[in-house]
file start-v4.csv (CSV, N, CA and C atoms)
chain,number,residue,atom,x,y,z
A,1,MET,N,4.3,-199.5,-97.5
A,1,MET,CA,3.6,-198.5,-96.9
A,1,MET,C,4.6,-197.6,-96.2
A,2,SER,N,4.6,-196.3,-96.4
A,2,SER,CA,5.5,-195.4,-95.8
A,2,SER,C,5.1,-195.0,-94.4
A,3,ASP,N,6.0,-194.3,-93.7
A,3,ASP,CA,5.7,-193.9,-92.3
A,3,ASP,C,4.4,-193.0,-92.3
A,4,ASP,N,4.3,-192.1,-93.3
A,4,ASP,CA,3.1,-191.3,-93.4
A,4,ASP,C,1.8,-192.1,-93.6
A,5,GLU,N,1.9,-193.2,-94.4
A,5,GLU,CA,0.8,-194.1,-94.6
A,5,GLU,C,0.4,-194.8,-93.3
A,6,PHE,N,1.5,-195.2,-92.6
A,6,PHE,CA,1.2,-195.8,-91.3
A,6,PHE,C,0.5,-194.9,-90.3
A,7,LEU,N,1.0,-193.6,-90.3
A,7,LEU,CA,0.3,-192.7,-89.4
A,7,LEU,C,-1.1,-192.4,-89.8
A,8,THR,N,-1.4,-192.4,-91.1
A,8,THR,CA,-2.7,-192.2,-91.6
A,8,THR,C,-3.6,-193.3,-91.1
A,9,TRP,N,-3.1,-194.6,-91.2
A,9,TRP,CA,-3.8,-195.7,-90.7
A,9,TRP,C,-4.1,-195.6,-89.2
A,10,VAL,N,-3.1,-195.2,-88.4
A,10,VAL,CA,-3.3,-195.0,-87.0
A,10,VAL,C,-4.4,-194.0,-86.7
A,11,GLU,N,-4.4,-192.9,-87.4
A,11,GLU,CA,-5.3,-191.8,-87.2
A,11,GLU,C,-6.7,-192.1,-87.7
A,12,THR,N,-6.9,-193.1,-88.6
A,12,THR,CA,-8.2,-193.4,-89.1
A,12,THR,C,-8.6,-194.8,-88.7
A,13,THR,N,-8.1,-195.8,-89.3
A,13,THR,CA,-8.5,-197.2,-89.0
A,13,THR,C,-8.4,-197.6,-87.5
A,14,LEU,N,-7.2,-197.3,-87.0
A,14,LEU,CA,-7.0,-197.7,-85.5
A,14,LEU,C,-7.9,-196.8,-84.7
A,15,TYR,N,-8.0,-195.5,-84.9
A,15,TYR,CA,-8.8,-194.6,-84.1
A,15,TYR,C,-10.3,-195.1,-84.2
A,16,GLU,N,-10.8,-195.3,-85.4
A,16,GLU,CA,-12.2,-195.7,-85.5
A,16,GLU,C,-12.5,-197.1,-84.8
A,17,ALA,N,-11.5,-198.0,-84.8
A,17,ALA,CA,-11.7,-199.3,-84.1
A,17,ALA,C,-11.8,-199.0,-82.6
A,18,GLU,N,-11.0,-198.2,-82.1
A,18,GLU,CA,-11.0,-197.9,-80.7
A,18,GLU,C,-12.3,-197.2,-80.3
A,19,LEU,N,-12.7,-196.2,-81.1
A,19,LEU,CA,-13.9,-195.5,-80.8
A,19,LEU,C,-15.1,-196.5,-80.8
A,20,ALA,N,-15.2,-197.4,-81.8
A,20,ALA,CA,-16.3,-198.4,-81.8
A,20,ALA,C,-16.3,-199.3,-80.6
A,21,LEU,N,-15.1,-199.7,-80.1
A,21,LEU,CA,-15.0,-200.5,-78.9
A,21,LEU,C,-15.6,-199.8,-77.8
A,22,HIS,N,-15.3,-198.5,-77.6
A,22,HIS,CA,-15.7,-197.7,-76.5
A,22,HIS,C,-17.2,-197.4,-76.6
A,23,ASN,N,-17.8,-197.7,-77.7
A,23,ASN,CA,-19.3,-197.6,-77.9
A,23,ASN,C,-19.9,-199.0,-77.9
A,24,GLY,N,-19.2,-200.0,-77.5
A,24,GLY,CA,-19.7,-201.4,-77.3
A,24,GLY,C,-19.5,-202.3,-78.4
A,25,ASP,N,-18.8,-202.0,-79.5
A,25,ASP,CA,-18.6,-202.8,-80.6
A,25,ASP,C,-17.2,-203.3,-80.8
A,26,PRO,N,-16.8,-204.5,-80.3
A,26,PRO,CA,-15.4,-204.9,-80.4
A,26,PRO,C,-15.0,-205.4,-81.8
A,27,ALA,N,-15.9,-205.6,-82.7
A,27,ALA,CA,-15.6,-206.2,-84.0
A,27,ALA,C,-14.5,-205.4,-84.8
A,28,PRO,N,-14.6,-204.0,-84.9
A,28,PRO,CA,-13.6,-203.3,-85.6
A,28,PRO,C,-12.2,-203.5,-85.0
A,29,ARG,N,-12.1,-203.5,-83.7
A,29,ARG,CA,-10.8,-203.7,-83.0
A,29,ARG,C,-10.3,-205.1,-83.4
A,30,ARG,N,-11.2,-206.1,-83.3
A,30,ARG,CA,-10.7,-207.5,-83.6
A,30,ARG,C,-10.2,-207.6,-85.0
A,31,ALA,N,-10.9,-206.9,-85.9
A,31,ALA,CA,-10.5,-206.9,-87.3
A,31,ALA,C,-9.1,-206.4,-87.6
A,32,ILE,N,-8.6,-205.5,-86.8
A,32,ILE,CA,-7.3,-205.0,-87.0
A,32,ILE,C,-6.2,-205.7,-86.2
A,33,TRP,N,-6.6,-206.7,-85.5
A,33,TRP,CA,-5.6,-207.5,-84.7
A,33,TRP,C,-5.1,-208.6,-85.5
A,34,SER,N,-3.9,-209.0,-85.3
A,34,SER,CA,-3.2,-210.1,-86.0
A,34,SER,C,-3.9,-211.4,-85.6
A,35,ARG,N,-4.0,-212.3,-86.6
A,35,ARG,CA,-4.5,-213.6,-86.4
A,35,ARG,C,-3.4,-214.6,-86.2
A,36,ASN,N,-2.1,-214.1,-86.3
A,36,ASN,CA,-0.9,-214.9,-86.1
A,36,ASN,C,-0.4,-214.7,-84.7
A,37,GLU,N,0.2,-215.8,-84.2
A,37,GLU,CA,0.8,-215.8,-82.9
A,37,GLU,C,2.2,-215.2,-83.0
A,38,PRO,N,2.7,-214.6,-82.0
A,38,PRO,CA,2.1,-214.3,-80.7
A,38,PRO,C,1.3,-213.0,-80.8
A,39,VAL,N,0.2,-213.0,-80.0
A,39,VAL,CA,-0.5,-211.7,-79.7
A,39,VAL,C,-0.7,-211.6,-78.2
A,40,SER,N,-0.7,-210.4,-77.7
A,40,SER,CA,-0.8,-210.2,-76.3
A,40,SER,C,-1.3,-208.9,-75.9
A,41,VAL,N,-1.9,-208.8,-74.7
A,41,VAL,CA,-2.4,-207.6,-74.1
A,41,VAL,C,-2.0,-207.6,-72.7
A,42,LEU,N,-1.3,-206.6,-72.3
A,42,LEU,CA,-1.0,-206.3,-70.9
A,42,LEU,C,-1.9,-205.1,-70.6
A,43,GLY,N,-3.1,-205.3,-70.1
A,43,GLY,CA,-4.1,-204.3,-70.1
A,43,GLY,C,-4.2,-203.6,-68.7
A,44,ALA,N,-4.9,-202.5,-68.8
A,44,ALA,CA,-5.2,-201.7,-67.5
A,44,ALA,C,-6.2,-202.5,-66.7
A,45,TRP,N,-7.0,-203.3,-67.3
A,45,TRP,CA,-8.0,-204.1,-66.5
A,45,TRP,C,-7.7,-205.6,-66.5
A,46,ARG,N,-7.2,-206.1,-67.6
A,46,ARG,CA,-7.0,-207.6,-67.7
A,46,ARG,C,-6.0,-207.9,-68.8
A,47,ASN,N,-5.2,-208.9,-68.6
A,47,ASN,CA,-4.2,-209.4,-69.5
A,47,ASN,C,-4.8,-210.5,-70.4
A,48,ALA,N,-4.2,-210.7,-71.6
A,48,ALA,CA,-4.6,-211.7,-72.5
A,48,ALA,C,-3.4,-212.2,-73.4
A,49,PHE,N,-3.3,-213.5,-73.5
A,49,PHE,CA,-2.2,-214.1,-74.3
A,49,PHE,C,-2.8,-215.1,-75.3
A,50,GLY,N,-2.6,-214.9,-76.6
A,50,GLY,CA,-3.1,-215.9,-77.6
A,50,GLY,C,-4.5,-215.5,-78.1
A,51,GLN,N,-4.8,-216.1,-79.2
A,51,GLN,CA,-6.1,-215.7,-79.9
A,51,GLN,C,-7.3,-215.9,-79.0
A,52,GLN,N,-7.4,-217.0,-78.3
A,52,GLN,CA,-8.6,-217.3,-77.5
A,52,GLN,C,-8.8,-216.2,-76.4
A,53,GLU,N,-7.8,-215.9,-75.7
A,53,GLU,CA,-7.9,-214.9,-74.6
A,53,GLU,C,-8.1,-213.5,-75.2
A,54,ILE,N,-7.5,-213.2,-76.3
A,54,ILE,CA,-7.7,-211.9,-77.0
A,54,ILE,C,-9.2,-211.8,-77.3
A,55,GLU,N,-9.8,-212.8,-77.9
A,55,GLU,CA,-11.2,-212.8,-78.3
A,55,GLU,C,-12.1,-212.6,-77.1
A,56,GLN,N,-11.8,-213.3,-76.0
A,56,GLN,CA,-12.6,-213.2,-74.8
A,56,GLN,C,-12.4,-211.8,-74.2
A,57,LEU,N,-11.2,-211.2,-74.2
A,57,LEU,CA,-11.0,-209.9,-73.6
A,57,LEU,C,-11.8,-208.9,-74.4
A,58,PHE,N,-11.7,-208.9,-75.7
A,58,PHE,CA,-12.4,-207.9,-76.5
A,58,PHE,C,-14.0,-208.0,-76.3
A,59,ALA,N,-14.5,-209.3,-76.2
A,59,ALA,CA,-15.9,-209.4,-75.9
A,59,ALA,C,-16.3,-208.8,-74.6
A,60,VAL,N,-15.5,-209.0,-73.5
A,60,VAL,CA,-15.8,-208.4,-72.2
A,60,VAL,C,-15.7,-206.9,-72.3
A,61,LEU,N,-14.7,-206.4,-73.0
A,61,LEU,CA,-14.6,-204.9,-73.1
A,61,LEU,C,-15.8,-204.4,-73.9
A,62,GLY,N,-16.2,-205.0,-75.0
A,62,GLY,CA,-17.4,-204.6,-75.7
A,62,GLY,C,-18.7,-204.6,-74.9
A,63,GLN,N,-18.8,-205.5,-74.0
A,63,GLN,CA,-20.0,-205.6,-73.1
A,63,GLN,C,-19.9,-204.6,-72.0
A,64,SER,N,-18.7,-204.1,-71.7
A,64,SER,CA,-18.5,-203.2,-70.5
A,64,SER,C,-18.7,-201.7,-71.0
A,65,PHE,N,-18.3,-201.4,-72.2
A,65,PHE,CA,-18.3,-200.0,-72.6
A,65,PHE,C,-19.6,-199.6,-73.4
A,66,SER,N,-20.0,-198.4,-73.2
A,66,SER,CA,-21.1,-197.8,-74.0
A,66,SER,C,-21.0,-196.3,-73.9
A,67,ASP,N,-21.7,-195.6,-74.8
A,67,ASP,CA,-21.9,-194.2,-74.7
A,67,ASP,C,-20.7,-193.4,-74.6
A,68,CYS,N,-19.7,-193.7,-75.5
A,68,CYS,CA,-18.4,-192.9,-75.5
A,68,CYS,C,-18.7,-191.5,-75.9
A,69,THR,N,-18.4,-190.5,-75.0
A,69,THR,CA,-18.6,-189.1,-75.4
A,69,THR,C,-17.3,-188.4,-75.8
A,70,SER,N,-16.2,-189.1,-75.6
A,70,SER,CA,-14.9,-188.5,-76.0
A,70,SER,C,-13.8,-189.6,-76.0
A,71,TYR,N,-13.1,-189.7,-77.1
A,71,TYR,CA,-11.9,-190.6,-77.2
A,71,TYR,C,-10.9,-189.8,-78.0
A,72,ALA,N,-9.7,-189.7,-77.5
A,72,ALA,CA,-8.6,-189.1,-78.2
A,72,ALA,C,-7.3,-189.9,-78.0
A,73,PHE,N,-6.5,-190.1,-79.0
A,73,PHE,CA,-5.2,-190.7,-78.9
A,73,PHE,C,-4.2,-189.6,-79.1
A,74,GLU,N,-3.3,-189.4,-78.1
A,74,GLU,CA,-2.3,-188.4,-78.2
A,74,GLU,C,-1.0,-189.1,-78.4
A,75,LEU,N,-0.5,-189.1,-79.7
A,75,LEU,CA,0.7,-189.9,-80.1
A,75,LEU,C,1.9,-189.1,-79.5
A,76,GLN,N,2.8,-189.9,-78.9
A,76,GLN,CA,4.0,-189.3,-78.3
A,76,GLN,C,5.2,-189.7,-79.2
A,77,ALA,N,5.2,-190.9,-79.7
A,77,ALA,CA,6.3,-191.4,-80.5
A,77,ALA,C,5.8,-192.6,-81.3
A,78,CYS,N,6.5,-192.8,-82.5
A,78,CYS,CA,6.2,-194.0,-83.3
A,78,CYS,C,7.4,-194.2,-84.2
A,79,GLN,N,7.5,-195.4,-84.7
A,79,GLN,CA,8.5,-195.7,-85.7
A,79,GLN,C,8.1,-196.9,-86.5
A,80,VAL,N,8.4,-196.9,-87.8
A,80,VAL,CA,8.2,-198.0,-88.7
A,80,VAL,C,9.6,-198.5,-89.1
A,81,VAL,N,9.8,-199.8,-88.9
A,81,VAL,CA,11.0,-200.4,-89.4
A,81,VAL,C,10.6,-201.7,-90.1
A,82,GLY,N,10.7,-201.6,-91.4
A,82,GLY,CA,10.3,-202.7,-92.3
A,82,GLY,C,8.9,-203.1,-92.1
A,83,ASP,N,8.6,-204.3,-91.7
A,83,ASP,CA,7.2,-204.8,-91.4
A,83,ASP,C,6.8,-204.7,-90.0
A,84,MET,N,7.5,-204.0,-89.2
A,84,MET,CA,7.2,-203.8,-87.8
A,84,MET,C,7.1,-202.3,-87.5
A,85,ALA,N,6.2,-202.0,-86.5
A,85,ALA,CA,6.0,-200.6,-86.1
A,85,ALA,C,5.6,-200.6,-84.6
A,86,TYR,N,5.7,-199.4,-84.0
A,86,TYR,CA,5.2,-199.2,-82.7
A,86,TYR,C,4.6,-197.8,-82.5
A,87,THR,N,3.7,-197.7,-81.6
A,87,THR,CA,3.2,-196.3,-81.2
A,87,THR,C,3.3,-196.3,-79.7
A,88,VAL,N,3.5,-195.1,-79.2
A,88,VAL,CA,3.4,-194.8,-77.7
A,88,VAL,C,2.6,-193.5,-77.6
A,89,GLY,N,1.7,-193.5,-76.7
A,89,GLY,CA,0.9,-192.3,-76.5
A,89,GLY,C,-0.1,-192.4,-75.3
A,90,PHE,N,-1.0,-191.5,-75.3
A,90,PHE,CA,-2.0,-191.4,-74.2
A,90,PHE,C,-3.4,-191.5,-74.8
A,91,GLU,N,-4.2,-192.4,-74.3
A,91,GLU,CA,-5.6,-192.4,-74.7
A,91,GLU,C,-6.4,-191.7,-73.6
A,92,ARG,N,-7.2,-190.7,-74.0
A,92,ARG,CA,-8.0,-190.0,-73.1
A,92,ARG,C,-9.5,-190.3,-73.4
A,93,THR,N,-10.2,-190.9,-72.5
A,93,THR,CA,-11.5,-191.4,-72.8
A,93,THR,C,-12.5,-191.0,-71.7
A,94,SER,N,-13.7,-190.6,-72.2
A,94,SER,CA,-14.9,-190.5,-71.4
A,94,SER,C,-16.0,-191.4,-71.9
A,95,VAL,N,-16.4,-192.4,-71.1
A,95,VAL,CA,-17.3,-193.5,-71.5
A,95,VAL,C,-18.1,-194.0,-70.4
A,96,SER,N,-19.1,-194.7,-70.6
A,96,SER,CA,-19.8,-195.4,-69.6
A,96,SER,C,-19.2,-196.8,-69.5
A,97,VAL,N,-18.8,-197.2,-68.2
A,97,VAL,CA,-18.3,-198.5,-68.0
A,97,VAL,C,-19.2,-199.2,-67.1
A,98,ARG,N,-19.8,-200.3,-67.7
A,98,ARG,CA,-20.9,-201.0,-67.0
A,98,ARG,C,-22.0,-200.1,-66.5
A,99,GLY,N,-22.3,-199.1,-67.3
A,99,GLY,CA,-23.4,-198.2,-67.0
A,99,GLY,C,-23.1,-196.9,-66.2
A,100,GLU,N,-21.8,-196.9,-65.7
A,100,GLU,CA,-21.4,-195.7,-64.9
A,100,GLU,C,-20.5,-194.8,-65.7
A,101,PRO,N,-20.7,-193.5,-65.7
A,101,PRO,CA,-19.8,-192.6,-66.4
A,101,PRO,C,-18.4,-192.7,-65.8
A,102,SER,N,-17.4,-192.7,-66.7
A,102,SER,CA,-16.0,-192.7,-66.3
A,102,SER,C,-15.1,-191.9,-67.3
A,103,THR,N,-14.2,-191.3,-66.7
A,103,THR,CA,-13.2,-190.5,-67.5
A,103,THR,C,-11.8,-191.0,-67.0
A,104,TYR,N,-10.9,-191.4,-68.0
A,104,TYR,CA,-9.6,-191.8,-67.6
A,104,TYR,C,-8.6,-191.6,-68.7
A,105,THR,N,-7.3,-191.7,-68.3
A,105,THR,CA,-6.2,-191.6,-69.3
A,105,THR,C,-5.4,-192.8,-69.1
A,106,LEU,N,-5.1,-193.5,-70.2
A,106,LEU,CA,-4.2,-194.6,-70.2
A,106,LEU,C,-2.9,-194.3,-71.0
A,107,ARG,N,-1.8,-194.8,-70.5
A,107,ARG,CA,-0.5,-194.8,-71.2
A,107,ARG,C,-0.6,-196.0,-72.1
A,108,VAL,N,-0.4,-195.9,-73.4
A,108,VAL,CA,-0.5,-197.1,-74.2
A,108,VAL,C,0.7,-197.2,-75.2
A,109,THR,N,1.2,-198.4,-75.2
A,109,THR,CA,2.2,-198.8,-76.2
A,109,THR,C,1.7,-200.0,-77.0
A,110,GLN,N,1.8,-199.9,-78.3
A,110,GLN,CA,1.3,-200.9,-79.2
A,110,GLN,C,2.4,-201.3,-80.2
A,111,VAL,N,2.4,-202.6,-80.5
A,111,VAL,CA,3.4,-203.1,-81.5
A,111,VAL,C,2.5,-203.7,-82.7
A,112,TYR,N,3.0,-203.4,-83.9
A,112,TYR,CA,2.2,-203.7,-85.1
A,112,TYR,C,3.1,-204.6,-86.0
A,113,ARG,N,2.5,-205.5,-86.8
A,113,ARG,CA,3.1,-206.2,-87.8
A,113,ARG,C,2.4,-206.0,-89.1
A,114,ARG,N,3.2,-205.8,-90.2
A,114,ARG,CA,2.5,-205.8,-91.5
A,114,ARG,C,2.3,-207.2,-92.0
A,115,GLU,N,1.1,-207.5,-92.3
A,115,GLU,CA,0.7,-208.9,-92.7
A,115,GLU,C,-0.2,-208.8,-94.0
A,116,GLY,N,0.3,-209.3,-95.1
A,116,GLY,CA,-0.4,-209.2,-96.3
A,116,GLY,C,-0.7,-207.8,-96.8
A,117,GLY,N,0.3,-207.0,-96.5
A,117,GLY,CA,0.2,-205.6,-96.9
A,117,GLY,C,-0.6,-204.7,-96.0
A,118,GLU,N,-1.1,-205.2,-94.9
A,118,GLU,CA,-2.0,-204.4,-94.0
A,118,GLU,C,-1.3,-204.4,-92.6
A,119,TRP,N,-1.5,-203.4,-91.8
A,119,TRP,CA,-1.0,-203.3,-90.5
A,119,TRP,C,-2.0,-204.0,-89.6
A,120,LYS,N,-1.4,-204.8,-88.6
A,120,LYS,CA,-2.2,-205.5,-87.6
A,120,LYS,C,-1.5,-205.3,-86.3
A,121,VAL,N,-2.3,-205.2,-85.3
A,121,VAL,CA,-1.8,-205.0,-83.9
A,121,VAL,C,-1.4,-206.4,-83.4
A,122,ALA,N,-0.2,-206.5,-82.8
A,122,ALA,CA,0.3,-207.8,-82.3
A,122,ALA,C,0.4,-207.7,-80.7
A,123,HIS,N,0.6,-206.5,-80.2
A,123,HIS,CA,0.7,-206.4,-78.7
A,123,HIS,C,0.2,-205.0,-78.3
A,124,ARG,N,-0.4,-205.0,-77.1
A,124,ARG,CA,-0.9,-203.7,-76.5
A,124,ARG,C,-0.5,-203.8,-75.0
A,125,HIS,N,0.0,-202.7,-74.6
A,125,HIS,CA,0.3,-202.5,-73.1
A,125,HIS,C,-0.4,-201.2,-72.8
A,126,GLY,N,-1.3,-201.2,-71.8
A,126,GLY,CA,-1.9,-200.0,-71.3
A,126,GLY,C,-2.0,-200.0,-69.8
A,127,ASP,N,-1.8,-198.8,-69.3
A,127,ASP,CA,-2.0,-198.7,-67.8
A,127,ASP,C,-2.5,-197.3,-67.5
A,128,ASP,N,-3.2,-197.2,-66.4
A,128,ASP,CA,-3.8,-196.0,-65.9
A,128,ASP,C,-2.7,-195.0,-65.5
A,129,VAL,N,-2.8,-193.8,-66.0
A,129,VAL,CA,-1.8,-192.8,-65.6
A,129,VAL,C,-1.9,-192.5,-64.1
A,130,ASP,N,-3.1,-192.6,-63.6
A,130,ASP,CA,-3.2,-192.2,-62.1
A,130,ASP,C,-2.9,-193.4,-61.2
A,131,ALA,N,-2.6,-194.6,-61.7
A,131,ALA,CA,-2.4,-195.7,-60.9
A,131,ALA,C,-1.0,-195.7,-60.3

call {"tool": "encode", "arguments": {"input": "start-v4.csv", "output": "structure tokens"}}
result
Amino acid sequence: MSDDEFLTWVETTLYEAELALHNGDPAPRRAIWSRNEPVSVLGAWRNAFGQQEIEQLFAVLGQSFSDCTSYAFELQACQVVGDMAYTVGFERTSVSVRGEPSTYTLRVTQVYRREGGEWKVAHRHGDDVDA
């Protein structure tokens, strides 16, 4: 997969998974995450290490989010090196969080591994720009 194919994946599959999560469906996000260790999230709300904690985190996020009116990922940098890649950017989101409207921007860095010919997320770090 070329750099252009990776960026297409980021702009379609990854984007659609994040949009689904923000509408209360964590399944598409979980589907693009690695099932191989290590996996980790250093999150704006909560951290998770390993498959079990990742599963629990995504379930909580899915229960917390609904009614996403806007989600955009503003890519700042990325690179593909062999079977590894990373992205750095800003996520700008308007969504209901536990029933309350919320708008926020996160700084997000993600690390990806190519597994079986497909990109999988292995690590995510996100923090609130305003924090």

call {"tool": "closest_residue", "arguments": {"input": "start-v4.csv", "among": "A:Val95, A:Ala17, A:Val129, A:Ala85", "to": "Ser66 in chain A", "atoms": "only C-alpha atoms"}}
result
A:Val95

call {"tool": "atom_distance", "arguments": {"input": "start-v4.csv", "atom1": "atom C of Ala44 in chain A", "atom2": "CA of Asp83 in chain A"}}
result
28.2 Å

call {"tool": "atom_distance", "arguments": {"input": "start-v4.csv", "atom1": "atom N of Tyr15 in chain A", "atom2": "atom N of Glu100 in chain A"}}
result
23.7 Å

call {"tool": "atom_distance", "arguments": {"input": "start-v4.csv", "atom1": "CA of Leu57 in chain A", "atom2": "CA of Trp33 in chain A"}}
result
12.6 Å

call {"tool": "select_by_dssp", "arguments": {"input": "start-v4.csv", "residues": "range 13-129 of chain A", "states": "alpha helix (DSSP H)", "output": "PyMOL selection string"}}
result
chain A and resi 15-22+27-31+51-64

call {"tool": "closest_residue", "arguments": {"input": "start-v4.csv", "among": "A:Arg46, A:His22, A:Lys120, A:His125", "to": "Val108 in chain A", "atoms": "only N, CA and C atoms"}}
result
A:His125

call {"tool": "closest_residue", "arguments": {"input": "start-v4.csv", "among": "A:Phe65, A:Phe90, A:Phe6, A:Trp45", "to": "Ala20 in chain A", "atoms": "all atoms listed in the file"}}
result
A:Phe65

call {"tool": "select_by_dssp", "arguments": {"input": "start-v4.csv", "residues": "chain A", "states": "strand (DSSP E or B)", "output": "ChimeraX atom specification"}}
result
/A:33,40-42,47-49,65-81,84-97,100-115,118-128

call {"tool": "closest_residue", "arguments": {"input": "start-v4.csv", "among": "A:Arg30, A:Tyr86, A:Thr69, A:Glu11", "to": "Glu53 in chain A", "atoms": "only C-alpha atoms"}}
result
A:Arg30

call {"tool": "closest_residue", "arguments": {"input": "start-v4.csv", "among": "A:Ala48, A:Leu61, A:Leu7, A:Leu75", "to": "Gly24 in chain A", "atoms": "all atoms listed in the file"}}
result
A:Leu61

call {"tool": "closest_residue", "arguments": {"input": "start-v4.csv", "among": "A:Ser70, A:Ser34, A:Asn23, A:Thr93", "to": "Gln51 in chain A", "atoms": "only N, CA and C atoms"}}
result
A:Ser34

call {"tool": "residues_around", "arguments": {"input": "start-v4.csv", "residues": "Tyr71 in chain A", "least_positions_apart": "5", "cutoff": "6.5 Å", "atoms": "all atoms listed in the file", "output": "mmCIF file with N, CA and C atoms, in the frame of the given file"}}
result
data_model
loop_
_atom_site.group_PDB
_atom_site.id
_atom_site.type_symbol
_atom_site.label_atom_id
_atom_site.label_comp_id
_atom_site.auth_asym_id
_atom_site.auth_seq_id
_atom_site.Cartn_x
_atom_site.Cartn_y
_atom_site.Cartn_z
ATOM 1 N N LEU A 19 -12.700 -196.200 -81.100
ATOM 2 C CA LEU A 19 -13.900 -195.500 -80.800
ATOM 3 C C LEU A 19 -15.100 -196.500 -80.800
ATOM 4 N N ARG A 92 -7.200 -190.700 -74.000
ATOM 5 C CA ARG A 92 -8.000 -190.000 -73.100
ATOM 6 C C ARG A 92 -9.500 -190.300 -73.400
ATOM 7 N N THR A 93 -10.200 -190.900 -72.500
ATOM 8 C CA THR A 93 -11.500 -191.400 -72.800
ATOM 9 C C THR A 93 -12.500 -191.000 -71.700
ATOM 10 N N SER A 94 -13.700 -190.600 -72.200
ATOM 11 C CA SER A 94 -14.900 -190.500 -71.400
ATOM 12 C C SER A 94 -16.000 -191.400 -71.900
#

call {"tool": "residues_near_point", "arguments": {"input": "start-v4.csv", "point": "(1.8, -199.5, -85.5)", "cutoff": "7 Å", "atoms": "only C-alpha atoms", "output": "ChimeraX atom specification"}}
result
/A:6,10,85-87,110-112,119,121

call {"tool": "residues_around", "arguments": {"input": "start-v4.csv", "residues": "Phe49 in chain A", "least_positions_apart": "5", "cutoff": "6 Å", "atoms": "only N, CA and C atoms", "output": "list in words"}}
result
Val39, Ser40, Val41 and Ile54 of chain A
